[in-house]
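**Q** I'm passing along data10.txt; it holds compact mmCIF, C-alpha atoms.
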# COMPACT_ATOMS: atom_id res chain seq x y z
CA MET A 20 -27.85 15.57 -27.28
CA ASN A 21 -25.02 17.92 -26.49
CA LEU A 22 -21.40 17.31 -25.62
CA GLN A 23 -21.97 17.67 -21.85
CA THR A 24 -24.61 14.93 -21.84
CA THR A 25 -22.24 12.66 -23.75
CA TYR A 26 -19.52 13.34 -21.19
CA LEU A 27 -21.94 12.55 -18.37
CA ARG A 28 -22.84 9.23 -20.00
CA ILE A 29 -19.18 8.40 -20.37
CA LEU A 30 -18.70 9.24 -16.69
CA GLN A 31 -21.59 6.92 -15.82
CA ASP A 32 -20.11 4.13 -17.94
CA THR A 33 -16.77 4.63 -16.22
CA LEU A 34 -18.41 4.34 -12.81
CA ASP A 35 -20.21 1.17 -13.93
CA LYS A 36 -16.91 -0.35 -15.07
CA LYS A 37 -15.31 0.72 -11.82
CA GLN A 38 -18.10 -0.97 -9.89
CA LYS A 39 -17.58 -4.22 -11.83
CA ILE A 40 -13.86 -4.17 -11.12
CA LEU A 41 -14.49 -3.45 -7.45
CA ASN A 42 -16.85 -6.44 -7.35
CA GLN A 43 -14.05 -8.57 -8.80
CA ILE A 44 -11.63 -7.23 -6.20
CA TYR A 45 -14.19 -7.96 -3.47
CA SER A 46 -14.62 -11.56 -4.61
CA LEU A 47 -10.84 -12.00 -4.87
CA THR A 48 -10.43 -10.58 -1.38
CA ARG A 49 -13.07 -13.03 -0.09
CA ARG A 50 -11.16 -15.85 -1.79
CA GLN A 51 -7.96 -14.62 -0.19
CA GLU A 52 -9.72 -14.61 3.18
CA SER A 53 -10.84 -18.23 2.73
CA ILE A 54 -7.31 -19.25 1.76
CA LEU A 55 -5.86 -17.58 4.85
CA ARG A 56 -8.47 -19.18 7.12
CA GLY A 57 -7.68 -22.65 5.82
CA THR A 58 -5.68 -25.07 7.92
CA SER A 59 -2.82 -25.11 5.43
CA VAL A 60 -2.29 -21.98 3.41
CA GLN A 61 -1.64 -22.68 -0.25
CA THR A 62 0.91 -20.07 -1.16
CA GLU A 63 0.46 -20.65 -4.90
CA SER A 64 -3.27 -19.89 -4.68
CA LEU A 65 -2.54 -16.87 -2.54
CA ASP A 66 0.05 -15.58 -5.01
CA GLN A 67 -2.32 -16.10 -7.92
CA CYS A 68 -5.07 -14.24 -6.07
CA MET A 69 -2.72 -11.35 -5.30
CA ASP A 70 -1.63 -11.14 -8.94
CA GLN A 71 -5.24 -10.98 -10.11
CA LYS A 72 -5.96 -8.26 -7.58
CA SER A 73 -2.96 -6.29 -8.82
CA GLU A 74 -4.26 -6.45 -12.38
CA CYS A 75 -7.68 -5.25 -11.25
CA LEU A 76 -6.11 -2.41 -9.28
CA GLU A 77 -4.17 -1.28 -12.35
CA LYS A 78 -7.38 -1.20 -14.39
CA LEU A 79 -9.10 0.67 -11.59
CA GLU A 80 -6.33 3.26 -11.51
CA GLU A 81 -6.66 3.81 -15.26
CA LEU A 82 -10.41 4.30 -14.90
CA ASP A 83 -9.89 6.76 -12.05
CA ASP A 84 -7.44 8.80 -14.09
CA GLY A 85 -9.81 8.92 -17.06
CA PHE A 86 -12.74 9.80 -14.82
CA GLU A 87 -10.88 12.70 -13.23
CA MET A 88 -9.77 14.10 -16.59
CA LEU A 89 -13.28 13.90 -18.01
CA TYR A 90 -14.89 15.33 -14.90
CA ALA A 91 -12.49 18.28 -15.03
CA LYS A 92 -13.92 19.11 -18.47
CA VAL A 93 -17.54 18.95 -17.27
CA ARG A 94 -17.21 20.35 -13.75
CA GLU A 95 -17.67 24.03 -14.58
CA GLU A 96 -20.75 23.42 -16.74
CA LEU A 97 -22.34 21.26 -14.05
CA GLN A 98 -21.71 23.85 -11.36
CA ASN A 99 -23.13 26.69 -13.47
CA THR A 100 -26.29 24.88 -14.64
CA PRO A 101 -27.01 21.97 -12.29
CA GLY A 102 -30.75 21.89 -13.03
CA SER A 103 -30.39 20.97 -16.67
CA TYR A 104 -28.52 17.74 -15.85
CA LYS A 105 -30.42 16.77 -12.71
CA GLU A 106 -31.27 13.21 -13.79
CA GLU A 107 -27.71 12.41 -14.91
CA ILE A 108 -26.24 13.92 -11.75
CA THR A 109 -28.58 11.83 -9.59
CA LYS A 110 -27.48 8.63 -11.37
CA LEU A 111 -23.84 9.61 -10.99
CA LYS A 112 -24.30 10.24 -7.26
CA GLN A 113 -25.95 6.84 -6.81
CA SER A 114 -23.13 5.14 -8.67
CA VAL A 115 -20.53 6.98 -6.62
CA ASN A 116 -22.29 5.88 -3.41
CA LYS A 117 -22.24 2.23 -4.56
CA VAL A 118 -18.55 2.51 -5.42
CA MET A 119 -17.80 4.02 -2.02
CA GLU A 120 -19.72 1.26 -0.20
CA LEU A 121 -17.79 -1.39 -2.10
CA SER A 122 -14.52 0.37 -1.34
CA ILE A 123 -15.31 0.43 2.38
CA SER A 124 -16.25 -3.26 2.35
CA ILE A 125 -13.01 -4.13 0.57
CA GLN A 126 -10.98 -2.09 3.05
CA ALA A 127 -12.57 -3.92 5.98
CA LEU A 128 -11.84 -7.29 4.38
CA GLU A 129 -8.28 -6.25 3.59
CA GLN A 130 -7.72 -5.26 7.22
CA ARG A 131 -8.92 -8.69 8.42
CA ASN A 132 -6.76 -10.40 5.80
CA LYS A 133 -3.77 -8.38 6.88
CA MET A 134 -4.20 -9.53 10.47
CA ALA A 135 -4.62 -13.15 9.34
CA MET A 136 -1.48 -12.90 7.20
CA GLU A 137 0.50 -11.47 10.12
CA ARG A 138 -0.59 -14.42 12.31
CA TYR A 139 0.37 -16.84 9.56
CA LEU A 140 3.81 -15.26 9.14
CA LEU A 141 4.37 -15.20 12.90
CA ARG A 142 3.67 -18.95 13.11
CA HIS A 143 6.07 -19.67 10.29
CA ARG A 144 8.79 -17.46 11.72
CA LYS A 145 8.62 -19.48 14.93
CA ASN A 146 8.82 -22.71 12.93
CA ILE A 147 11.85 -21.43 11.03
CA GLN A 148 13.56 -20.29 14.23
CA GLY A 149 12.85 -23.68 15.79
CA TYR A 150 14.28 -25.41 12.74
CA ARG A 151 17.43 -23.28 12.86
CA SER A 152 18.01 -23.89 16.56
CA SER A 153 17.46 -27.64 16.17
CA GLN A 154 19.92 -27.70 13.25
CA LYS A 155 22.45 -25.89 15.41
CA ARG A 156 21.95 -28.41 18.22
CA VAL A 157 22.37 -31.31 15.80
CA GLY A 158 25.60 -29.76 14.50
CA THR A 159 26.92 -29.26 18.02
CA TYR A 160 26.03 -32.83 18.95
CA TYR A 161 27.74 -34.16 15.84
CA ASN A 162 30.90 -32.15 16.53
CA THR A 163 30.97 -33.34 20.14
CA MET A 164 30.54 -36.97 19.17
CA THR A 165 33.27 -36.85 16.53
CA GLY A 166 35.65 -35.06 18.86
CA PHE A 167 35.93 -31.98 16.69
CA ASN A 168 36.33 -28.74 18.57
CA PRO A 169 36.76 -25.66 16.35
CA HIS A 170 38.14 -23.63 19.26
CA GLN A 171 40.73 -26.19 20.27
CA SER A 172 44.20 -24.73 20.38
CA PHE A 173 47.25 -26.51 19.09
CA PHE A 174 50.82 -26.10 20.17
CA LEU A 175 53.48 -26.82 17.64
CA ASP A 176 56.98 -27.38 18.84
CA LYS A 177 59.46 -26.23 16.25
CA LYS A 178 62.46 -27.70 18.03
CA LYS A 179 63.92 -30.92 16.84
Kindly return the structure encoded in the file as C-alpha cells.
**A**
Amino acid sequence: MNLQTTYLRILQDTLDKKQKILNQIYSLTRRQESILRGTSVQTESLDQCMDQKSECLEKLEELDDGFEMLYAKVREELQNTPGSYKEEITKLKQSVNKVMELSISIQALEQRNKMAMERYLLRHRKNIQGYRSSQKRVGTYYNTMTGFNPHQSFFLDKKK
C-alpha cells in the first residue's frame, strides 16, 4: 500500500465523519423544527439546540479544512493516473454525493425553520408593542386621575 492509497482512505474516513456530523445536524434541525411548530416555543430548548448545531458546524469546518489540505496533496496524482485508484475514487464520489444530498436536505429544513422563526418573532413583536401601548395608556390614565399634568405651566409672582 502506497502513500496515495493511505491518503485516499483518510479522505474516505473524513467524508464518513462528515456524513455522521451532517446526520446530527439534520436531526438537530428536525428537533428545532418541532420546537418552532409547537404551540409555545421553549426558548431554552431552542437555544440548546442552536448551541449543539454550532458545535457540530465547528467540527464540520475542521473536517472540511483537513479534507481540502489532504486532497491538495493527492489531486495531481489522481489526475495523472486515475485508473490505478478507480475503486477508491468511486467510493469517494459516492460519499461526496451522500454528503451533498444531506447538505441540500439541511438547507431546505433551515429555510423552513427560518420562516417559522420570523413568524414567531413577528407575533412576539406585536405582543410587545401591545404591552408597551397598554402601559402607556395606564400611565396616562393614572396621571389624569391624580391630576398630574407634566405640561402644566406655573406662574410665580415674585412681588410681595
**Q** Which distance in Å separates CA of Leu82 (chain A) and CA of Leu111 (chain A), to one decimal?
**A**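 Between CA of Leu82 (chain A) and CA of Leu111 (chain A) the gap works out to 15.0 Å.
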**Q** Report, in Å with one decimal, the straight-line distance from CA of Tyr45 (chain A) to CA of Met69 (chain A).
**A**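 Taking CA of Tyr45 (chain A) as the start and CA of Met69 (chain A) as the end point, the length is 12.1 Å.
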**Q** Tell me which protein, DNA and RNA residues are within 10 Å of Arg49 (chain A), counting all atoms listed in the file, leaving out same-chain ones fewer than 4 positions away, and put them as a short mmCIF file (atom, residue, chain, number, x, y, z; two decimals) with C-alpha atoms, keeping the file's coordinate frame.
**A**
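Output (around-v6.cif):
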data_model
loop_
_atom_site.label_atom_id
_atom_site.label_comp_id
_atom_site.auth_asym_id
_atom_site.auth_seq_id
_atom_site.Cartn_x
_atom_site.Cartn_y
_atom_site.Cartn_z
CA GLN A 43 -14.05 -8.57 -8.80
CA ILE A 44 -11.63 -7.23 -6.20
CA TYR A 45 -14.19 -7.96 -3.47
CA SER A 53 -10.84 -18.23 2.73
CA ILE A 54 -7.31 -19.25 1.76
CA LEU A 55 -5.86 -17.58 4.85
CA ILE A 125 -13.01 -4.13 0.57
CA LEU A 128 -11.84 -7.29 4.38
CA GLU A 129 -8.28 -6.25 3.59
CA ASN A 132 -6.76 -10.40 5.80
#
**Q** Go through A:Thr33, A:Val157, A:Ser59, A:Arg151 and flag the residue nearest Ser114 (chain A), using only C-alpha atoms for the distances.
**A**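 Among A:Thr33, A:Val157, A:Ser59, A:Arg151, it is A:Thr33 that comes nearest to Ser114 (chain A).
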**Q** Between CA of Gln126 (chain A) and CA of Asp32 (chain A), measure the distance and give it in Å to one decimal.
**A**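 Spanning CA of Gln126 (chain A) to CA of Asp32 (chain A) is a straight-line distance of 23.7 Å.
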